[in-house]
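File shown here: run-v4.pdb, holding PDB, C-alpha atoms.
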MODEL        1
ATOM      1  CA  MET A1060     -26.315  -7.352 -11.981
ATOM      2  CA  LYS A1061     -25.915  -7.353 -15.760
ATOM      3  CA  LEU A1062     -22.767  -9.466 -15.450
ATOM      4  CA  LEU A1063     -24.660 -12.290 -13.799
ATOM      5  CA  SER A1064     -27.433 -12.338 -16.408
ATOM      6  CA  GLU A1065     -24.901 -12.470 -19.236
ATOM      7  CA  PHE A1066     -23.347 -15.589 -17.715
ATOM      8  CA  SER A1067     -26.521 -17.481 -16.878
ATOM      9  CA  GLY A1068     -26.243 -21.069 -18.039
ATOM     10  CA  ILE A1069     -22.446 -20.994 -17.929
ATOM     11  CA  LYS A1070     -21.034 -23.622 -15.574
ATOM     12  CA  ARG A1071     -17.320 -23.311 -16.297
ATOM     13  CA  LEU A1072     -15.476 -20.246 -17.560
ATOM     14  CA  VAL A1073     -11.865 -19.541 -18.510
ATOM     15  CA  VAL A1074     -10.905 -15.864 -18.212
ATOM     16  CA  LYS A1075      -7.624 -14.657 -19.666
ATOM     17  CA  VAL A1076      -6.260 -11.232 -18.715
ATOM     18  CA  GLY A1077      -3.436  -9.522 -20.557
ATOM     19  CA  SER A1078      -0.376  -7.859 -19.062
ATOM     20  CA  ASN A1079      -1.750  -4.381 -19.741
ATOM     21  CA  VAL A1080      -4.888  -5.208 -17.761
ATOM     22  CA  VAL A1081      -3.022  -6.104 -14.556
ATOM     23  CA  THR A1082       0.140  -3.960 -14.910
ATOM     24  CA  ASP A1083       1.095  -0.568 -16.273
ATOM     25  CA  SER A1084       4.032   0.165 -18.589
ATOM     26  CA  ASN A1085       6.400   0.345 -15.587
ATOM     27  CA  GLY A1086       5.364  -3.089 -14.358
ATOM     28  CA  ASP A1087       3.383  -1.714 -11.415
ATOM     29  CA  PHE A1088       0.143  -3.440 -10.451
ATOM     30  CA  MET A1089      -3.074  -1.870 -11.693
ATOM     31  CA  LEU A1090      -4.911  -2.603  -8.466
ATOM     32  CA  SER A1091      -8.270  -1.180  -9.504
ATOM     33  CA  SER A1092      -8.409  -3.476 -12.541
ATOM     34  CA  MET A1093      -7.260  -6.462 -10.522
ATOM     35  CA  ARG A1094      -9.800  -5.745  -7.755
ATOM     36  CA  SER A1095     -12.583  -5.429 -10.319
ATOM     37  CA  LEU A1096     -11.570  -8.754 -11.860
ATOM     38  CA  VAL A1097     -11.549 -10.479  -8.482
ATOM     39  CA  ASP A1098     -14.931  -8.936  -7.616
ATOM     40  CA  ASP A1099     -16.385 -10.227 -10.904
ATOM     41  CA  ILE A1100     -15.004 -13.710 -10.241
ATOM     42  CA  TYR A1101     -16.502 -13.575  -6.732
ATOM     43  CA  GLU A1102     -19.918 -12.732  -8.226
ATOM     44  CA  LEU A1103     -19.657 -15.528 -10.771
ATOM     45  CA  LYS A1104     -18.653 -18.029  -8.105
ATOM     46  CA  SER A1105     -21.644 -16.910  -6.026
ATOM     47  CA  ILE A1106     -23.991 -18.165  -8.774
ATOM     48  CA  GLY A1107     -22.097 -21.433  -9.163
ATOM     49  CA  VAL A1108     -19.783 -20.654 -12.074
ATOM     50  CA  GLN A1109     -16.371 -22.337 -11.819
ATOM     51  CA  VAL A1110     -13.706 -19.886 -12.997
ATOM     52  CA  VAL A1111     -10.159 -20.564 -14.162
ATOM     53  CA  LEU A1112      -8.039 -17.423 -14.524
ATOM     54  CA  VAL A1113      -5.171 -17.286 -17.016
ATOM     55  CA  SER A1114      -3.073 -14.241 -16.177
ATOM     56  CA  SER A1115      -0.228 -12.569 -17.984
ATOM     57  CA  GLY A1116       1.914  -9.910 -16.334
ATOM     58  CA  ALA A1117       4.825 -11.771 -14.734
ATOM     59  CA  VAL A1118       7.440 -10.667 -17.291
ATOM     60  CA  ASN A1119       6.255  -7.057 -17.125
ATOM     61  CA  ILE A1120       6.462  -7.076 -13.312
ATOM     62  CA  GLY A1121       9.902  -8.683 -13.165
ATOM     63  CA  LYS A1122      11.665  -6.863 -15.998
ATOM     64  CA  ARG A1123      12.612  -3.868 -13.853
ATOM     65  CA  TYR A1124      14.945  -6.128 -11.861
ATOM     66  CA  ILE A1125      16.911  -7.304 -14.914
ATOM     67  CA  ASP A1126      19.699  -5.178 -16.362
ATOM     68  CA  SER A1127      18.299  -3.488 -19.492
ATOM     69  CA  LYS A1128      21.487  -4.344 -21.410
ATOM     70  CA  LEU A1129      20.743  -8.019 -20.869
ATOM     71  CA  PHE A1130      17.329  -7.583 -22.473
ATOM     72  CA  LYS A1131      19.070  -6.416 -25.631
ATOM     73  CA  GLN A1132      21.823  -9.061 -25.535
ATOM     74  CA  ARG A1133      19.889 -12.109 -24.305
ATOM     75  CA  LYS A1134      16.243 -11.270 -24.806
ATOM     76  CA  ILE A1135      14.788 -14.767 -24.283
ATOM     77  CA  GLU A1136      16.842 -15.510 -21.170
ATOM     78  CA  ALA A1137      16.131 -12.031 -19.774
ATOM     79  CA  GLN A1138      12.382 -12.496 -20.302
ATOM     80  CA  GLN A1139      12.555 -15.911 -18.636
ATOM     81  CA  ALA A1140      14.463 -14.446 -15.697
ATOM     82  CA  ALA A1141      11.978 -11.563 -15.436
ATOM     83  CA  SER A1142       9.132 -14.076 -15.409
ATOM     84  CA  SER A1143      10.753 -16.014 -12.566
ATOM     85  CA  ILE A1144      10.880 -12.781 -10.535
ATOM     86  CA  GLY A1145       7.455 -11.488 -11.491
ATOM     87  CA  GLN A1146       5.443 -14.696 -11.134
ATOM     88  CA  PRO A1147       5.628 -14.956  -7.311
ATOM     89  CA  LEU A1148       4.958 -11.209  -6.996
ATOM     90  CA  LEU A1149       1.901 -11.532  -9.240
ATOM     91  CA  MET A1150       0.621 -14.554  -7.321
ATOM     92  CA  SER A1151       1.159 -12.801  -3.993
ATOM     93  CA  LYS A1152      -0.990  -9.883  -5.157
ATOM     94  CA  TYR A1153      -3.700 -12.235  -6.451
ATOM     95  CA  HIS A1154      -3.556 -14.195  -3.182
ATOM     96  CA  ASP A1155      -4.203 -11.037  -1.168
ATOM     97  CA  LEU A1156      -7.016  -9.822  -3.429
ATOM     98  CA  PHE A1157      -8.793 -13.181  -3.548
ATOM     99  CA  LYS A1158      -8.325 -13.693   0.194
ATOM    100  CA  SER A1159     -10.082 -10.368   0.845
ATOM    101  CA  ARG A1160     -13.138 -11.888  -0.881
ATOM    102  CA  GLY A1161     -12.852 -15.193   1.011
ATOM    103  CA  ILE A1162     -11.555 -17.096  -2.022
ATOM    104  CA  VAL A1163      -8.559 -19.397  -2.060
ATOM    105  CA  CYS A1164      -6.552 -19.313  -5.276
ATOM    106  CA  SER A1165      -3.827 -21.590  -6.591
ATOM    107  CA  GLN A1166      -1.047 -21.390  -9.144
ATOM    108  CA  VAL A1167      -0.690 -23.814 -12.044
ATOM    109  CA  LEU A1168       2.244 -23.231 -14.402
ATOM    110  CA  LEU A1169       2.040 -25.045 -17.732
ATOM    111  CA  THR A1170       3.963 -25.244 -20.977
ATOM    112  CA  HIS A1171       2.656 -26.163 -24.401
ATOM    113  CA  ASP A1172       4.409 -29.509 -23.979
ATOM    114  CA  ASP A1173       2.021 -30.303 -21.115
ATOM    115  CA  PHE A1174      -0.763 -30.436 -23.705
ATOM    116  CA  LYS A1175       1.226 -32.672 -26.067
ATOM    117  CA  SER A1176       2.090 -35.375 -23.533
ATOM    118  CA  ARG A1177      -1.030 -37.439 -22.765
ATOM    119  CA  HIS A1178       0.240 -38.264 -19.271
ATOM    120  CA  ARG A1179       0.935 -34.618 -18.397
ATOM    121  CA  PHE A1180      -2.313 -33.491 -20.055
ATOM    122  CA  LEU A1181      -4.331 -35.871 -17.867
ATOM    123  CA  ASN A1182      -2.403 -34.869 -14.731
ATOM    124  CA  ALA A1183      -3.065 -31.179 -15.441
ATOM    125  CA  ARG A1184      -6.756 -31.906 -16.017
ATOM    126  CA  ARG A1185      -7.078 -33.888 -12.782
ATOM    127  CA  THR A1186      -5.303 -31.167 -10.801
ATOM    128  CA  ILE A1187      -7.487 -28.367 -12.163
ATOM    129  CA  GLU A1188     -10.667 -30.458 -11.766
ATOM    130  CA  THR A1189      -9.762 -31.164  -8.122
ATOM    131  CA  LEU A1190      -9.133 -27.466  -7.473
ATOM    132  CA  LEU A1191     -12.445 -26.440  -9.054
ATOM    133  CA  GLU A1192     -14.398 -29.126  -7.210
ATOM    134  CA  SER A1193     -12.822 -27.848  -3.975
ATOM    135  CA  GLY A1194     -13.969 -24.268  -4.654
ATOM    136  CA  ILE A1195     -10.439 -23.050  -5.409
ATOM    137  CA  THR A1196      -9.792 -20.561  -8.212
ATOM    138  CA  PRO A1197      -6.858 -21.830 -10.287
ATOM    139  CA  ILE A1198      -4.613 -19.161 -11.769
ATOM    140  CA  LEU A1199      -2.715 -20.433 -14.787
ATOM    141  CA  ASN A1200       0.255 -19.023 -16.617
ATOM    142  CA  GLU A1201       2.715 -20.227 -19.192
ATOM    143  CA  ASN A1202       5.790 -21.504 -17.348
ATOM    144  CA  ASP A1203       7.999 -18.967 -19.128
ATOM    145  CA  ALA A1204      11.028 -19.529 -16.904
ATOM    146  CA  ILE A1205      11.562 -23.046 -18.274
ATOM    147  CA  SER A1206       9.868 -22.891 -21.657
ATOM    148  CA  PHE A1207      12.407 -23.525 -24.395
ATOM    149  CA  THR A1208      10.546 -21.515 -27.003
ATOM    150  CA  GLU A1209      10.624 -17.753 -27.312
ATOM    151  CA  ILE A1210       8.031 -15.922 -25.240
ATOM    152  CA  THR A1211       5.649 -14.413 -27.767
ATOM    153  CA  VAL A1212       2.580 -12.226 -27.739
ATOM    154  CA  GLY A1213      -0.474 -14.425 -27.503
ATOM    155  CA  ASP A1214       1.130 -17.330 -25.630
ATOM    156  CA  ASN A1215      -1.366 -17.032 -22.783
ATOM    157  CA  ASP A1216      -4.207 -16.567 -25.294
ATOM    158  CA  HIS A1217      -3.281 -19.963 -26.738
ATOM    159  CA  LEU A1218      -2.866 -21.402 -23.241
ATOM    160  CA  ALA A1219      -6.350 -20.159 -22.328
ATOM    161  CA  ALA A1220      -7.888 -21.706 -25.453
ATOM    162  CA  LYS A1221      -6.154 -25.026 -24.785
ATOM    163  CA  THR A1222      -7.299 -24.863 -21.156
ATOM    164  CA  CYS A1223     -10.909 -24.594 -22.338
ATOM    165  CA  ALA A1224     -10.514 -27.895 -24.159
ATOM    166  CA  LEU A1225      -8.591 -29.400 -21.251
ATOM    167  CA  ILE A1226     -11.376 -28.812 -18.717
ATOM    168  CA  GLY A1227     -14.442 -28.663 -20.954
ATOM    169  CA  ALA A1228     -15.166 -24.979 -20.324
ATOM    170  CA  ASP A1229     -18.390 -23.460 -21.622
ATOM    171  CA  LEU A1230     -16.840 -20.103 -22.446
ATOM    172  CA  LEU A1231     -13.507 -18.346 -22.915
ATOM    173  CA  GLN A1232     -13.332 -14.640 -22.167
ATOM    174  CA  LEU A1233     -10.244 -12.678 -23.240
ATOM    175  CA  ILE A1234      -9.799  -9.392 -21.366
ATOM    176  CA  THR A1235      -7.227  -7.174 -23.001
ATOM    177  CA  SER A1236      -6.316  -3.553 -23.552
ATOM    178  CA  ALA A1237      -6.323  -4.101 -27.325
ATOM    179  CA  ASN A1238      -9.036  -2.340 -29.310
ATOM    180  CA  GLY A1239      -9.901  -5.524 -31.216
ATOM    181  CA  LEU A1240      -8.498  -8.058 -33.650
ATOM    182  CA  TYR A1241      -6.875  -7.330 -36.985
ATOM    183  CA  ASP A1242      -7.707  -9.242 -40.147
ATOM    184  CA  LYS A1243      -3.951  -9.672 -40.789
ATOM    185  CA  ASP A1244      -0.596  -8.706 -39.296
ATOM    186  CA  PRO A1245      -1.060  -5.054 -38.239
ATOM    187  CA  SER A1246       2.412  -4.172 -39.550
ATOM    188  CA  HIS A1247       0.847  -4.354 -43.030
ATOM    189  CA  GLY A1248      -0.526  -0.983 -44.000
ATOM    190  CA  ASP A1249      -3.847  -2.392 -45.175
ATOM    191  CA  ALA A1250      -4.644  -4.373 -41.988
ATOM    192  CA  ARG A1251      -8.158  -3.632 -40.758
ATOM    193  CA  LEU A1252      -9.214  -3.558 -37.106
TER     194      LEU A1252
ENDMDL
END

Show me, as structure tokens, the structure contained in the file I just sent.
Amino acid sequence: MKLLSEFSGIKRLVVKVGSNVVTDSNGDFMLSSMRSLVDDIYELKSIGVQVVLVSSGAVNIGKRYIDSKLFKQRKIEAQQAASSIGQPLLMSKYHDLFKSRGIVCSQVLLTHDDFKSRHRFLNARRTIETLLESGITPILNENDAISFTEITVGDNDHLAAKTCALIGADLLQLITSANGLYDKDPSHGDARL
């Protein structure tokens, strides 16, 4: 149980998974990855670690239902619409996977504005704290369907980092298909991995 020894001393963990971890390029679920993630969370919960999951994937799941021409003409609105389709499908799959391990999960949709408004910040904190204290695994995502800013790569990475501060997490773990981080924008020829 190497996983458990690596997390000894951790009481609260935020795990963020990228779209390419939970879905393939067609927007289909990558069930083996999702099952493995749920199994790891089950193990962590068994040693008393409270886990908050921040999951991308909703836009990728829902985009197949939106006319491809609309993605070119109205990219932001099309992504928001795809998110509104994909989010309940993603949560349904997580619900089934967590239920098979005897875990109840919940959905919390946030925007960056929720961290700017003190009242909303405190409400989000109290909600997540109550869920964790009740043994529930909160699953967070950016509320893309109503966010007024463009959906960009890294939005859920930022959300996960802000969530760590929100709930006083001991550790943030980013699970992605990327090979690493670049020292500058990778479109520059001299960017190093």

Subject >> Gap from atom CA of A:Thr1189 to atom CA of A:Leu1233 - Å, one decimal >> reply: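 Separation of atom CA of A:Thr1189 and atom CA of A:Leu1233: 23.9 Å.
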
Subject >> Picked residues, the PyMOL selection byres ((chain A and resi 1073-1075) around 6), as JSON, numbers by chain >> reply: {"A": [1072, 1076, 1110, 1111, 1112, 1113, 1114, 1231, 1232, 1233, 1234]}

**OP:** Quick one: pull the distance between atom CA of A:Cys1164 and atom CA of A:Ile1135, Å, one decimal.
**Re:**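 Result for atom CA of A:Cys1164 versus atom CA of A:Ile1135: 28.9 Å, one decimal.
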
**OP:** Any chance you could resolve the PyMOL selection byres ((chain A and resi 1086) around 10) against this file and give the residues as an MDAnalysis selection string?
**Re:** chainID A and resid 1078:1079 1081:1085 1087:1089 1116:1123 1145

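Atom pair atom CA of A:Gly1194 / atom CA of A:Ser1105: separated by 10.7 Å.
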
Subject >> Given all atoms listed in the file as the counted atoms, nearest of A:Arg1094, A:His1154, A:Lys1128, A:Lys1104 to A:Arg1071 >> reply: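 Closest to A:Arg1071 of all the choices is A:Lys1104.
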
**OP:** Pick out the residues sitting within 12 Å of stretch 1106-1108 of chain A, and hand them over as a list in words; count only C-alpha atoms, and ignore anything fewer than 6 positions along from it in its own chain.
**Re:**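 Skipping anything fewer than 6 positions along the chain leaves Met1060, Leu1062, Leu1063, Ser1064, Glu1065, Phe1066, Ser1067, Gly1068, Ile1069, Lys1070, Arg1071, Leu1072, Val1073, Val1074, Asp1099, Ile1100, Leu1191, Glu1192, Gly1194, Ile1195, Thr1196, Ala1228, Asp1229 and Leu1230 of chain A.
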